[in-house]
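What's in input.cif: mmCIF, C-alpha atoms and all ligand atoms
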data_data
#
loop_
_atom_site.label_atom_id
_atom_site.label_comp_id
_atom_site.auth_asym_id
_atom_site.auth_seq_id
_atom_site.Cartn_x
_atom_site.Cartn_y
_atom_site.Cartn_z
CA MET A 28 93.14 -229.24 2.42
CA LYS A 29 90.51 -228.29 4.98
CA VAL A 30 89.18 -230.80 7.51
CA THR A 31 86.23 -230.51 9.87
CA PRO A 32 85.74 -233.07 12.66
CA LEU A 33 82.11 -234.10 13.12
CA ILE A 34 80.20 -236.41 15.43
CA ALA A 35 78.32 -238.88 13.22
CA SER A 36 76.70 -240.96 15.98
CA ARG A 37 76.65 -241.39 19.72
CA PHE A 38 76.34 -244.81 21.30
CA THR A 39 77.46 -246.98 24.20
CA SER A 40 79.97 -249.84 24.15
CA ASP A 41 80.88 -252.38 26.77
CA GLY A 42 83.92 -250.89 28.53
CA GLY A 43 85.68 -254.24 28.92
CA SER A 44 85.30 -255.02 25.22
CA MET A 45 86.76 -251.64 24.29
CA PHE A 46 89.86 -252.16 26.44
CA GLY A 47 90.59 -255.89 25.99
CA LEU A 48 93.30 -257.00 28.40
CA VAL A 49 93.29 -253.83 30.48
CA PRO A 50 91.85 -254.42 33.98
CA LYS A 51 88.66 -252.55 34.79
CA PRO A 52 90.11 -250.45 37.63
CA ILE A 53 92.48 -248.95 35.06
CA TRP A 54 90.13 -248.39 32.11
CA ALA A 55 87.32 -247.19 34.38
CA ASN A 56 89.64 -244.35 35.32
CA CYS A 57 90.05 -243.42 31.66
CA ILE A 58 86.36 -243.47 30.70
CA PRO A 59 83.99 -243.98 33.66
CA PRO A 60 81.35 -246.67 32.93
CA ASN A 61 77.63 -246.54 33.68
CA ASP A 62 75.94 -249.07 35.99
CA ARG A 63 75.89 -251.66 33.17
CA ASN A 64 79.60 -251.29 32.40
CA GLY A 65 78.82 -249.28 29.28
CA ILE A 66 81.03 -246.38 28.24
CA PRO A 67 79.97 -243.44 26.08
CA GLN A 68 81.30 -243.61 22.52
CA ASN A 69 81.14 -241.31 19.54
CA ALA A 70 81.50 -242.24 15.95
CA ASN A 71 83.74 -239.29 15.09
CA VAL A 72 84.21 -238.67 11.37
CA LEU A 73 86.10 -236.14 9.31
CA LEU A 74 84.71 -233.94 6.57
CA VAL A 75 87.51 -233.28 4.08
CA GLU A 76 87.61 -230.52 1.50
CA LEU A 77 90.33 -231.02 -1.08
CA ASN A 78 92.14 -228.06 -2.58
CA ASP A 79 90.23 -228.66 -5.85
CA GLY A 80 86.93 -228.27 -3.97
CA ARG A 81 85.91 -231.92 -3.80
CA LEU A 82 84.21 -232.86 -0.54
CA GLY A 83 84.44 -236.18 1.25
CA LEU A 84 83.97 -238.04 4.49
CA LEU A 85 86.28 -240.38 6.37
CA ASP A 86 83.95 -243.04 7.79
CA THR A 87 80.21 -242.58 8.19
CA GLY A 88 79.28 -243.70 11.72
CA CYS A 89 76.35 -245.93 12.63
CA GLY A 90 73.87 -244.51 10.14
CA ASP A 91 70.21 -243.60 10.14
CA PRO A 92 68.67 -244.46 13.53
CA THR A 93 65.46 -245.54 11.75
CA LEU A 94 67.51 -248.59 10.72
CA PHE A 95 67.38 -249.81 14.30
CA SER A 96 64.55 -251.34 16.29
CA ASP A 97 63.74 -249.90 19.72
CA LYS A 98 65.46 -252.93 21.22
CA GLU A 99 68.64 -252.31 19.20
CA LEU A 100 68.62 -248.60 20.03
CA GLY A 101 68.36 -249.52 23.74
CA LEU A 102 71.14 -252.09 23.41
CA HIS A 103 73.49 -249.59 21.78
CA GLY A 104 72.43 -246.67 24.00
CA MET A 105 71.37 -244.71 20.91
CA THR A 106 68.64 -242.15 20.39
CA ARG A 107 66.55 -241.36 17.31
CA ASP A 108 68.62 -238.37 16.22
CA TRP A 109 71.32 -238.57 13.54
CA PRO A 110 74.12 -236.16 14.47
CA LEU A 111 75.94 -236.55 11.12
CA MET A 112 73.01 -235.25 9.10
CA ASP A 113 72.44 -232.40 11.58
CA ALA A 114 76.11 -231.41 11.34
CA LEU A 115 76.19 -231.48 7.52
CA ARG A 116 72.98 -229.45 7.38
CA GLN A 117 74.44 -226.85 9.73
CA LEU A 118 77.49 -226.56 7.49
CA GLY A 119 75.26 -226.16 4.44
CA HIS A 120 76.30 -229.37 2.71
CA ALA A 121 73.62 -231.56 1.16
CA PRO A 122 74.45 -235.30 1.19
CA GLU A 123 74.43 -235.11 -2.65
CA ALA A 124 77.44 -232.76 -2.46
CA ILE A 125 79.70 -235.44 -0.96
CA ASP A 126 82.09 -236.62 -3.70
CA PHE A 127 83.90 -239.38 -1.85
CA VAL A 128 83.56 -241.58 1.23
CA ILE A 129 86.60 -243.41 2.61
CA LEU A 130 86.02 -246.33 4.97
CA THR A 131 88.64 -247.53 7.47
CA HIS A 132 86.79 -250.83 7.68
CA LEU A 133 83.29 -252.19 7.18
CA HIS A 134 81.95 -252.64 10.72
CA TRP A 135 78.46 -251.27 11.41
CA ASP A 136 79.66 -248.24 13.38
CA HIS A 137 81.86 -247.08 10.47
CA ALA A 138 80.02 -248.13 7.30
CA GLY A 139 76.48 -247.99 8.72
CA GLY A 140 75.97 -244.50 7.33
CA ILE A 141 76.39 -245.56 3.69
CA GLY A 142 72.72 -246.28 3.09
CA LEU A 143 69.81 -248.44 4.03
CA VAL A 144 67.59 -251.24 2.82
CA SER A 145 63.81 -250.74 3.07
CA SER A 146 61.46 -253.48 4.22
CA ASP A 147 60.73 -254.20 0.51
CA GLY A 148 64.44 -254.70 -0.11
CA ASP A 149 65.02 -251.38 -1.90
CA VAL A 150 68.44 -249.86 -1.33
CA SER A 151 69.03 -246.14 -0.95
CA TRP A 152 72.36 -244.42 -0.51
CA THR A 153 73.03 -241.58 1.88
CA PHE A 154 75.65 -240.03 -0.42
CA PRO A 155 74.38 -241.03 -3.86
CA ASN A 156 77.07 -239.15 -5.83
CA ALA A 157 80.06 -240.33 -3.82
CA VAL A 158 82.78 -242.75 -4.84
CA HIS A 159 83.16 -245.13 -1.87
CA TYR A 160 86.66 -246.36 -1.04
CA ALA A 161 87.25 -249.60 0.89
CA HIS A 162 90.28 -251.85 1.01
CA GLU A 163 89.99 -254.96 -1.15
CA GLN A 164 91.11 -257.22 1.75
CA GLU A 165 88.37 -255.77 3.94
CA TRP A 166 85.86 -256.24 1.14
CA THR A 167 86.94 -259.86 0.63
CA ASP A 168 86.61 -260.66 4.33
CA ALA A 169 83.37 -258.72 4.84
CA THR A 170 81.66 -260.45 1.94
CA SER A 171 83.16 -263.92 2.57
CA GLY A 172 80.45 -265.20 4.89
CA ASP A 173 83.23 -266.79 6.94
CA PRO A 174 81.55 -268.09 10.12
CA LEU A 175 84.73 -267.36 12.07
CA LEU A 176 83.98 -263.65 11.69
CA TYR A 177 80.70 -264.23 13.56
CA LYS A 178 78.55 -261.05 13.49
CA SER A 179 81.24 -258.60 12.38
CA TYR A 180 79.62 -257.66 9.06
CA PRO A 181 75.80 -257.47 9.24
CA ALA A 182 74.05 -257.98 5.90
CA ASP A 183 72.16 -254.70 6.27
CA THR A 184 75.42 -252.76 6.57
CA LEU A 185 76.90 -254.38 3.47
CA ALA A 186 73.83 -254.39 1.20
CA PRO A 187 74.06 -250.70 0.16
CA LEU A 188 77.78 -251.14 -0.60
CA LYS A 189 77.24 -254.34 -2.55
CA GLN A 190 74.62 -252.67 -4.71
CA LEU A 191 76.59 -249.51 -5.50
CA PRO A 192 77.06 -248.88 -9.22
CA ALA A 193 80.52 -250.19 -10.21
CA ASP A 194 81.95 -246.69 -10.70
CA HIS A 195 80.87 -245.68 -7.18
CA LEU A 196 82.93 -248.36 -5.41
CA HIS A 197 86.70 -248.30 -5.49
CA LEU A 198 88.53 -251.21 -3.89
CA VAL A 199 91.97 -250.09 -2.75
CA GLN A 200 95.02 -252.34 -3.07
CA ASP A 201 98.11 -252.37 -0.85
CA ALA A 202 100.28 -251.42 -3.83
CA GLN A 203 98.22 -248.32 -4.65
CA PRO A 204 97.42 -246.50 -1.41
CA ASN A 205 97.39 -242.96 -2.91
CA ILE A 206 93.70 -242.58 -3.56
CA LEU A 207 93.20 -238.81 -3.75
CA PRO A 208 95.48 -235.73 -3.60
CA GLY A 209 97.11 -235.78 -0.14
CA ILE A 210 95.19 -238.87 0.97
CA ARG A 211 96.70 -242.32 1.45
CA MET A 212 94.85 -245.36 2.67
CA LEU A 213 97.40 -247.61 4.38
CA ARG A 214 96.37 -251.06 5.56
CA SER A 215 97.21 -251.53 9.23
CA SER A 216 95.45 -254.86 9.74
CA GLY A 217 94.92 -255.40 13.49
CA HIS A 218 91.32 -254.49 14.24
CA THR A 219 90.38 -256.38 11.08
CA ARG A 220 92.73 -257.86 8.50
CA GLY A 221 91.77 -255.20 5.95
CA HIS A 222 91.57 -252.29 8.41
CA CYS A 223 93.18 -249.09 7.09
CA VAL A 224 94.52 -245.93 8.62
CA ILE A 225 93.83 -242.86 6.49
CA HIS A 226 96.81 -240.51 6.21
CA LEU A 227 96.22 -236.90 5.26
CA GLU A 228 99.13 -234.69 4.31
CA ASP A 229 99.17 -231.14 3.06
CA ASP A 230 101.43 -228.10 3.41
CA ALA A 231 98.33 -226.18 4.39
CA LEU A 232 96.28 -228.64 6.39
CA HIS A 233 93.62 -226.43 7.88
CA ILE A 234 91.56 -227.82 10.76
CA ARG A 235 88.16 -226.21 11.24
CA HIS A 236 87.55 -226.30 14.96
CA PRO A 237 87.08 -223.63 17.65
CA SER A 238 90.40 -224.65 19.28
CA ALA A 239 92.36 -225.00 16.04
CA GLU A 240 94.52 -221.98 16.84
CA THR A 241 95.70 -223.23 20.23
CA PHE A 242 96.09 -226.74 18.77
CA GLY A 243 98.66 -225.30 16.39
CA GLU A 244 99.65 -226.20 12.86
CA VAL A 245 99.92 -229.75 11.61
CA ARG A 246 101.08 -231.14 8.29
CA HIS A 247 99.89 -234.68 8.84
CA LEU A 248 96.74 -236.16 10.22
CA MET A 249 96.27 -239.86 10.86
CA PHE A 250 92.68 -241.04 10.98
CA THR A 251 93.48 -244.15 12.96
CA GLY A 252 90.12 -245.92 12.94
CA ASP A 253 89.89 -248.67 15.52
CA VAL A 254 93.62 -249.34 15.96
CA CYS A 255 93.62 -246.27 18.22
CA PRO A 256 89.95 -245.47 18.85
CA THR A 257 90.39 -243.09 21.80
CA GLN A 258 93.14 -241.04 23.43
CA HIS A 259 93.29 -243.84 26.03
CA HIS A 260 94.36 -246.41 23.43
CA LEU A 261 97.83 -245.04 22.71
CA ARG A 262 99.59 -247.64 24.89
CA MET A 263 100.49 -250.78 23.01
CA VAL A 264 98.25 -253.28 24.82
CA PHE A 265 95.32 -250.90 25.24
CA GLN A 266 93.36 -252.36 22.36
CA THR A 267 89.83 -253.57 21.81
CA ALA A 268 88.78 -257.17 22.37
CA TYR A 269 87.19 -257.00 18.90
CA ASP A 270 90.61 -257.00 17.20
CA THR A 271 90.89 -260.07 14.98
CA TYR A 272 94.66 -259.62 14.42
CA PRO A 273 95.70 -258.14 17.79
CA LEU A 274 99.45 -258.31 17.26
CA ASP A 275 99.09 -256.24 14.08
CA THR A 276 97.42 -253.47 16.10
CA ARG A 277 100.47 -253.48 18.38
CA ARG A 278 102.83 -253.54 15.39
CA TRP A 279 101.03 -250.56 13.89
CA LYS A 280 101.35 -248.57 17.12
CA ARG A 281 105.04 -249.38 17.44
CA GLU A 282 105.68 -248.29 13.89
CA TRP A 283 103.50 -245.21 13.56
CA LEU A 284 102.95 -243.59 16.97
CA PRO A 285 106.66 -242.68 17.43
CA ARG A 286 106.56 -241.07 13.97
CA ALA A 287 103.40 -239.18 14.88
CA ALA A 288 105.08 -237.88 18.05
CA ARG A 289 108.10 -236.69 16.04
CA GLU A 290 106.44 -235.33 12.94
CA ASN A 291 103.84 -232.82 14.11
CA THR A 292 100.94 -235.12 13.40
CA ALA A 293 97.37 -234.98 14.65
CA ILE A 294 96.03 -238.38 15.70
CA PHE A 295 92.29 -238.57 15.07
CA PHE A 296 90.27 -240.73 17.48
CA ASP A 297 87.17 -242.24 15.93
CA HIS A 298 85.41 -243.25 19.17
CA ASP A 299 86.65 -240.80 21.77
CA PRO A 300 83.74 -239.24 23.66
CA THR A 301 85.70 -236.12 24.66
CA ALA A 302 88.36 -235.45 22.00
CA PHE A 303 88.40 -235.56 18.22
CA ALA A 304 92.16 -235.50 17.94
CA ALA A 305 95.43 -234.96 19.78
CA LYS A 306 99.09 -234.28 19.35
CA ILE A 307 101.16 -236.79 21.25
CA GLN A 308 104.57 -237.06 22.85
CA ALA A 309 106.70 -240.09 23.74
CA ASP A 310 106.76 -240.80 27.48
CA GLU A 311 109.07 -243.16 29.32
CA ARG A 312 106.49 -244.47 31.76
CA LYS A 313 103.23 -244.30 29.76
CA GLU A 314 104.70 -244.85 26.25
CA PHE A 315 102.83 -241.80 24.91
CA VAL A 316 100.98 -238.88 26.40
CA VAL A 317 98.58 -236.43 24.88
CA VAL A 318 99.93 -232.89 24.77
CA ASN A 319 97.11 -231.02 23.11
CA THR A 320 93.59 -232.05 22.17
CA LEU A 321 90.71 -230.90 20.01
CA ALA A 322 87.65 -231.33 22.22
CA ASN A 323 84.39 -232.61 20.80
ZN ZN B 401 84.45 -248.92 15.63
#
For this file, write the structure as structure tokens.
Amino acid sequence: MKVTPLIASRFTSDGGSMFGLVPKPIWANCIPPNDRNGIPQNANVLLVELNDGRLGLLDTGCGDPTLFSDKELGLHGMTRDWPLMDALRQLGHAPEAIDFVILTHLHWDHAGGIGLVSSDGDVSWTFPNAVHYAHEQEWTDATSGDPLLYKSYPADTLAPLKQLPADHLHLVQDAQPNILPGIRMLRSSGHTRGHCVIHLEDDALHIRHPSAETFGEVRHLMFTGDVCPTQHHLRMVFQTAYDTYPLDTRRWKREWLPRAARENTAIFFDHDPTAFAAKIQADERKEFVVVNTLAN
């Protein structure tokens, strides 16, 4: 399996919201904020090439910037470019060549790249030939209209998914997490109840990145989504204020991060503005430390 980290979108988030309980003097040391308390964020995604040649993406970022009004672009600190499309073009992959799209969860900054709805209500899909994988719990919650979830699942993000042909949407169940060769979609809950971490495993997991050689070999990669969005979220209580099941995020970290430290695993950070991924090590004082990163 070959994997290529890509930046799908760049935006700005409120630093306090991204670090929840962590006091500002501490998180501001991790990622320095701008004068409005915003911190730079990427939507980092992974292009995956299976050994049988099929191509796919883990998450899709925020999507086509033409979706957003000038006001929204300003609010999110976004520009009119679409880094995901630029990156795919540079690699020589047309969007039509993407065979599968796997979504950790259905928030706008992860599923926003699926497609768009025109002003006349017509839906178009960014990756028209792809089978889209989402967890059935996430789907149930995202489409429930539950007012408790407030603005978590904008209608414009969901519309292209809802209108996918039936054979282009695969809802994953807890009991059947093995979705593709070497790819498991394991529900972590935490950030959302249906949030999943994508586990990649292959005897020859090849990372395409200029620093891949110094990063060293890995057999496992965990695409952790928003239960560990940056290298500064490894500590148990360093979690976003957006988490709807916060104790599950902590449970996930306690279960999986020690394994990742032991088992030569790359942790992929979906929002880190400086690193796509890291290898980690247990640390008595800080719980975990990063030992080697893949810069972005
Ligand atoms: Zn996110």
Contact residues around Asp183 (chain A) with all atoms listed in the file at 8 Å, ignoring same-chain residues under 3 positions, as a list in words: Leu143, Val144, Ala186 and Pro187 of chain A
Atomic separation - CA of Ser215 (chain A) relative to CA of Pro300 (chain A), Å: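 So the two atoms, CA of Pro300 (chain A) and CA of Ser215 (chain A), lie 23.3 Å apart.
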Surrounding residues of region 76-92 of chain A excluding itself and chain neighbours under 3 positions, 7 Å, all atoms listed in the file, as an MDAnalysis selection string: chainID A and resid 28:30 35:36 70 72:73 95 107:109 125:131 135:141
Pick from A:His162, A:His218, A:His132, A:Arg211, whichever lies nearest to Thr184 (chain A) using all atoms listed in the file: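 Looking only at the distances to Thr184 (chain A), the closest residue turns out to be A:His132.
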d(CA of Phe154 (chain A), CA of Met249 (chain A)) in Å: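 One can read the CA of Phe154 (chain A) to CA of Met249 (chain A) distance as 23.5 Å.
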Long-range neighbours of region 269-283 of chain A as a list of chain:residue names, 8 Å cut-off, only C-alpha atoms, 2 positions minimum in chain: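 The residues that qualify are A:Ser44, A:Met45, A:Gly47, A:Ser215, A:Ser216, A:Gly217, A:His218, A:Thr219, A:Arg220, A:Val254, A:Leu261, A:Met263, A:Val264, A:Gln266, A:Thr267, A:Pro285, A:Arg286, A:Ala287.
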Spatial sel., origin (80.9, -242.4, -5.5), limit 6 Å, only C-alpha atoms, listed as a ChimeraX atom specification: /A:127,156-159,195
Just need the box for region 39-58 of chain A, edges along x, y and z, holding every atom the file lists for it with 3 Å tacked onto each side, so centre and edge lengths in Å to one decimal, as lines of an AutoDock Vina configuration file.
center_x = 85.4
center_y = -250.2
center_z = 30.9
size_x = 21.8
size_y = 19.6
size_z = 19.5
For CA of Cys57 (chain A) and CA of Asp253 (chain A), the interatomic separation in Å (one decimal):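 So the two atoms, CA of Cys57 (chain A) and CA of Asp253 (chain A), lie 17.0 Å apart.
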From A:Glu123, A:Leu188, A:Val75, A:Glu311, residue lying nearest Gly209 (chain A) [only C-alpha atoms]: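 Of A:Glu123, A:Leu188, A:Val75, A:Glu311, the one nearest Gly209 (chain A), counting only C-alpha atoms, is A:Val75.
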Counting only C-alpha atoms, the option among A:His134, A:His197, A:Arg262, A:Arg37 closest to His222 (chain A): A:His134
Region 57-74 of chain A rebuilt with N, CA and C atoms, output as a short mmCIF file (atom, residue, chain, number, x, y, z; two decimals), in the frame of the given file:
data_model
loop_
_atom_site.label_atom_id
_atom_site.label_comp_id
_atom_site.auth_asym_id
_atom_site.auth_seq_id
_atom_site.Cartn_x
_atom_site.Cartn_y
_atom_site.Cartn_z
N CYS A 57 89.91 -244.15 32.93
CA CYS A 57 90.05 -243.42 31.66
C CYS A 57 88.69 -242.92 31.19
N ILE A 58 87.72 -243.83 31.10
CA ILE A 58 86.36 -243.47 30.70
C ILE A 58 85.40 -244.13 31.69
N PRO A 59 84.84 -243.38 32.63
CA PRO A 59 83.99 -243.98 33.66
C PRO A 59 82.76 -244.67 33.06
N PRO A 60 82.50 -245.92 33.48
CA PRO A 60 81.35 -246.67 32.93
C PRO A 60 80.05 -246.32 33.65
N ASN A 61 78.92 -246.67 33.01
CA ASN A 61 77.63 -246.54 33.68
C ASN A 61 77.38 -247.82 34.51
N ASP A 62 76.18 -247.94 35.07
CA ASP A 62 75.94 -249.07 35.99
C ASP A 62 75.86 -250.41 35.26
N ARG A 63 75.87 -250.40 33.92
CA ARG A 63 75.89 -251.66 33.17
C ARG A 63 77.23 -251.87 32.48
N ASN A 64 78.25 -251.16 32.95
CA ASN A 64 79.60 -251.29 32.40
C ASN A 64 79.76 -250.65 31.03
N GLY A 65 78.74 -249.93 30.59
CA GLY A 65 78.82 -249.28 29.28
C GLY A 65 79.61 -247.98 29.37
N ILE A 66 80.34 -247.67 28.30
CA ILE A 66 81.03 -246.38 28.24
C ILE A 66 80.52 -245.58 27.03
N PRO A 67 80.45 -244.25 27.21
CA PRO A 67 79.97 -243.44 26.08
C PRO A 67 80.98 -243.47 24.93
N GLN A 68 80.45 -243.58 23.72
CA GLN A 68 81.30 -243.61 22.52
C GLN A 68 80.72 -242.67 21.49
N ASN A 69 81.58 -242.03 20.74
CA ASN A 69 81.14 -241.31 19.54
C ASN A 69 81.58 -242.11 18.33
N ALA A 70 80.88 -241.91 17.24
CA ALA A 70 81.50 -242.24 15.95
C ALA A 70 81.93 -240.88 15.41
N ASN A 71 83.21 -240.56 15.59
CA ASN A 71 83.74 -239.29 15.09
C ASN A 71 84.20 -239.48 13.64
N VAL A 72 83.81 -238.57 12.78
CA VAL A 72 84.21 -238.67 11.37
C VAL A 72 84.86 -237.36 10.96
N LEU A 73 85.43 -237.35 9.78
CA LEU A 73 86.10 -236.14 9.31
C LEU A 73 85.55 -235.74 7.95
N LEU A 74 85.11 -234.50 7.87
CA LEU A 74 84.71 -233.94 6.57
C LEU A 74 85.97 -233.32 5.96
#
